[in-house]
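J.: The structure follows.
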Amino acid sequence: MELNETTITRAIVERFSQKLIDYSNVDVAIVGAGPSGLVASYFLAKADVKVAVFERKLSIGGGMWGGGMMFNEIVVQKQGKEILDAFEIHTREYELGYYTADAIESVTTIGSAAIKAGAKIFNCITAEDAIIREGRVTGLVINWSPVEMANLHVDPLSINAKYVIEASGHPLELLHVIERKTDIRFNTPTGKIVGEKSMWAEQAENLILKNTREICPGVYVCGMAANAAFGAPRMGPIFGGMLLSGKKVAQDIIAALKIKK
Ligand code: 48F
């Protein structure tokens with residue numbers, strides 16, 4: 001058989017276009033494929049929820065690839081280890097209550113499990129704005145990341161979602177846009193983004209599940225974005241909270257979708 005370049009081209013363009021069309025209307029759209037967003041997408045897809053993840057970078061995994069300061073090992077506590085166990089990721093006890101895992105094994109395994117469960121990940125796409133109807137976020141405005149990087153004047157496209165998850169980590173990009181462009185009040189003490197506090201691993205890990213919740217109609221926050229939104233500290237390269245937050249946001253949205261039906 002002779003290989004034809006235009007067949008390869010048509011295959012890619014048709015398949016990708018169909019995938020984007022299929023996922024232009026989803027139950028849940030996630031901004032960011034870091035550890036919390038990926039874990040959320042896995043648990044949502046496993047429960048047959050239609051979920052799309054939009055990731056600005058070419059690679060998934062966010063801040064997990066680099067462990068701490070590019071030493072590519074992560075640390076989790078006992079509850080976090082239980083999630084890694086569920087993905088069959090190897091862990092080793094370091095000291096009582098502290099476990100380590102290979103950062104690359106963690107990202108690739110969770111990413112693979114999410115996709116096999118049915119989550120669709122769209123890399124190289126940035127969520128630059130939200131669609132808002134009557135005070136509720138009903139979708140995302142997306143564009144190719146290279147358009148943003150090259151500062152090209154190219155209009156975006158949009159997708160609809162029953163719920164959006166803000167999982168963009170430290171920068172809280174979607175929430176900042178919502179705050180800037182709308183009069184929607186967030187469920188924070190100030191009604192606005194409170195902002196992340198300096199490193200305090202224990203307190204940050206203790207607060208993250210409380211902060212993982214619906215922050216305004218249609219938007220849930222998880223991962224570092226949850227702590228940054230509600231004014232809690234950062235935790236550095238301990239990842240249990242990220243994994244647990246991803247699982248919790250999925251469970252909360254699964255429950256909310258059942259009520260909505
Ligand atoms: O930062 P990130 O890993 O978020 P996370 O899941 O995990 C945080 C930890 O990695 C670490 C930490 C924990 O101990 O504090 O930082 O909360 O992943 C966020 C992903 O979102 C992407 C970004 O490229 C990264 O991969 N992202 C950010 N803004 C956008 C976005 C956007 N507007 N559109 C699409 N993707």
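Ordering of the structure tokens sets the chain letters (A, B, ...); residue numbers start at 1 within each chain; ligands are numbered from 1 in the order shown.
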Which residues form the shell of 7 Å around ligand 1 when you count only C-alpha atoms and all ligand atoms, given as JSON, numbers by chain?
T.: {"A": [31, 32, 33, 34, 35, 36, 37, 54, 55, 56, 57, 60, 61, 62, 63, 64, 125, 126, 127, 128, 167, 168, 169, 170, 171, 172, 173, 174, 222, 223, 224, 225, 234, 235, 236, 237, 238, 239, 242]}
J.: Return as a ChimeraX atom specification the full set of residues in stretch 21-60 of chain A whose backbone-based DSSP assignment is helix (DSSP H, G or I).
T.: /A:21-22,35-46
J.: How many Å lie between atom CA of A:Ile215 and atom CA of A:Asn187, rounded to one decimal?
T.: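 Between atom CA of A:Ile215 and atom CA of A:Asn187 the gap works out to 5.0 Å.
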J.: So, counting only C-alpha atoms, which residue among A:Glu73, A:Glu5, A:Glu214, A:Glu202 is closest to A:Asp102?
T.: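 Once distances to A:Asp102 are computed over only C-alpha atoms, the minimum belongs to A:Glu73.
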J.: Which distance in Å separates atom CA of A:Ala226 and atom CA of A:Leu96, to one decimal?
T.: 27.9 Å
J.: Using DSSP assignments from the backbone, pull out every residue in stretch 11-232 of chain A that falls under strand (DSSP E or B) and give it to me as a PyMOL selection string.
T.: chain A and resi 25-31+51-55+68+71+73-76+92-95+98-102+120-123+125-133+136-144+157-166+197+213-216+219-221
J.: Find the residue from A:Leu157, A:Ala45, A:Ala204, A:Ala119 that sits nearest to A:Ala228; use only C-alpha atoms when measuring.
T.: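 Smallest distance to A:Ala228 is found for A:Ala204.
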J.: Would you mind listing what lies within 9 Å of A:Arg213 as a list in words, with only C-alpha atoms counted and same-chain residues fewer than 4 positions away left out?
T.: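 Counting only the stated atoms, we get Leu209, Val219, Tyr220, Val221, Cys222, Ala226, Lys248, Val249 and Asp252 of chain A.
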J.: Excluding A:Val75 and residues on its chain fewer than 2 positions from it, collect all residues at most 10 Å away from it, counting only C-alpha atoms, and give them as a compact mmCIF listing (two decimals) with N, CA, C and O atoms, in the first residue's frame.
T.:
# COMPACT_ATOMS: atom_id res chain seq x y z
N GLY A 67 7.73 17.57 40.09
CA GLY A 67 7.87 17.26 41.52
C GLY A 67 8.10 18.55 42.29
O GLY A 67 7.32 19.50 42.20
N GLY A 68 9.20 18.62 43.04
CA GLY A 68 9.57 19.88 43.69
C GLY A 68 10.88 20.34 43.08
O GLY A 68 11.85 19.59 43.00
N GLU A 73 9.95 13.71 41.84
CA GLU A 73 9.26 12.83 42.78
C GLU A 73 8.18 13.67 43.44
O GLU A 73 8.38 14.87 43.68
N GLN A 77 0.36 12.20 51.38
CA GLN A 77 0.08 11.66 52.69
C GLN A 77 -0.85 10.45 52.51
O GLN A 77 -1.18 10.09 51.38
N GLY A 80 -3.90 10.68 50.23
CA GLY A 80 -3.48 10.86 48.83
C GLY A 80 -2.97 9.55 48.26
O GLY A 80 -3.20 9.23 47.09
N LYS A 81 -2.26 8.80 49.09
CA LYS A 81 -1.73 7.51 48.65
C LYS A 81 -2.87 6.59 48.21
O LYS A 81 -2.75 5.84 47.25
N THR A 91 3.94 3.54 45.12
CA THR A 91 4.36 4.50 46.15
C THR A 91 5.32 3.81 47.11
O THR A 91 5.30 2.57 47.24
N ARG A 92 6.17 4.62 47.74
CA ARG A 92 7.08 4.08 48.76
C ARG A 92 6.97 4.93 50.01
O ARG A 92 6.98 6.17 49.91
N GLU A 93 6.88 4.26 51.17
CA GLU A 93 6.84 5.02 52.41
C GLU A 93 8.22 5.63 52.64
O GLU A 93 9.24 4.95 52.51
N TYR A 94 8.23 6.92 52.95
CA TYR A 94 9.50 7.59 53.23
C TYR A 94 9.72 7.65 54.75
O TYR A 94 10.71 7.18 55.27
N TYR A 98 4.33 9.72 55.24
CA TYR A 98 4.81 10.38 54.02
C TYR A 98 5.15 9.32 52.98
O TYR A 98 5.92 8.41 53.26
N TYR A 99 4.59 9.45 51.79
CA TYR A 99 4.85 8.49 50.72
C TYR A 99 5.36 9.25 49.50
O TYR A 99 4.95 10.39 49.27
N THR A 100 6.23 8.63 48.73
CA THR A 100 6.70 9.26 47.50
C THR A 100 6.23 8.44 46.29
O THR A 100 5.97 7.23 46.41
N ALA A 101 6.12 9.12 45.17
CA ALA A 101 5.80 8.44 43.90
C ALA A 101 6.56 9.14 42.80
O ALA A 101 6.89 10.34 42.92
N ASP A 102 6.84 8.42 41.73
CA ASP A 102 7.51 9.00 40.57
C ASP A 102 6.53 9.97 39.89
O ASP A 102 5.39 9.58 39.57
N ALA A 103 6.99 11.21 39.69
CA ALA A 103 6.08 12.22 39.12
C ALA A 103 5.63 11.84 37.71
O ALA A 103 4.47 12.05 37.34
N GLY A 236 3.01 23.69 48.01
CA GLY A 236 4.23 23.14 47.44
C GLY A 236 4.02 21.71 46.97
O GLY A 236 2.89 21.28 46.73
N PRO A 237 5.11 20.95 46.86
CA PRO A 237 5.03 19.67 46.14
C PRO A 237 4.47 18.48 46.93
O PRO A 237 4.88 17.35 46.72
N ILE A 238 3.51 18.75 47.81
CA ILE A 238 2.77 17.62 48.39
C ILE A 238 1.45 17.59 47.62
O ILE A 238 0.76 18.61 47.50
N PHE A 239 1.12 16.44 47.03
CA PHE A 239 0.05 16.41 46.03
C PHE A 239 -1.23 15.71 46.47
O PHE A 239 -2.17 15.59 45.69
N GLY A 240 -1.27 15.23 47.73
CA GLY A 240 -2.48 14.54 48.19
C GLY A 240 -3.71 15.42 48.03
O GLY A 240 -4.75 14.97 47.54
J.: Rank nothing, just name the residue among A:Ile254, A:Val53, A:Val26, A:Ile184 nearest to A:Ala114, using only C-alpha atoms.
T.: A:Val53
J.: Can you tell me how far atom CA of A:Ala47 sits from atom CA of A:Leu243, in Å to one decimal?
T.: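 According to the coordinates, atom CA of A:Ala47 and atom CA of A:Leu243 are separated by 17.1 Å.
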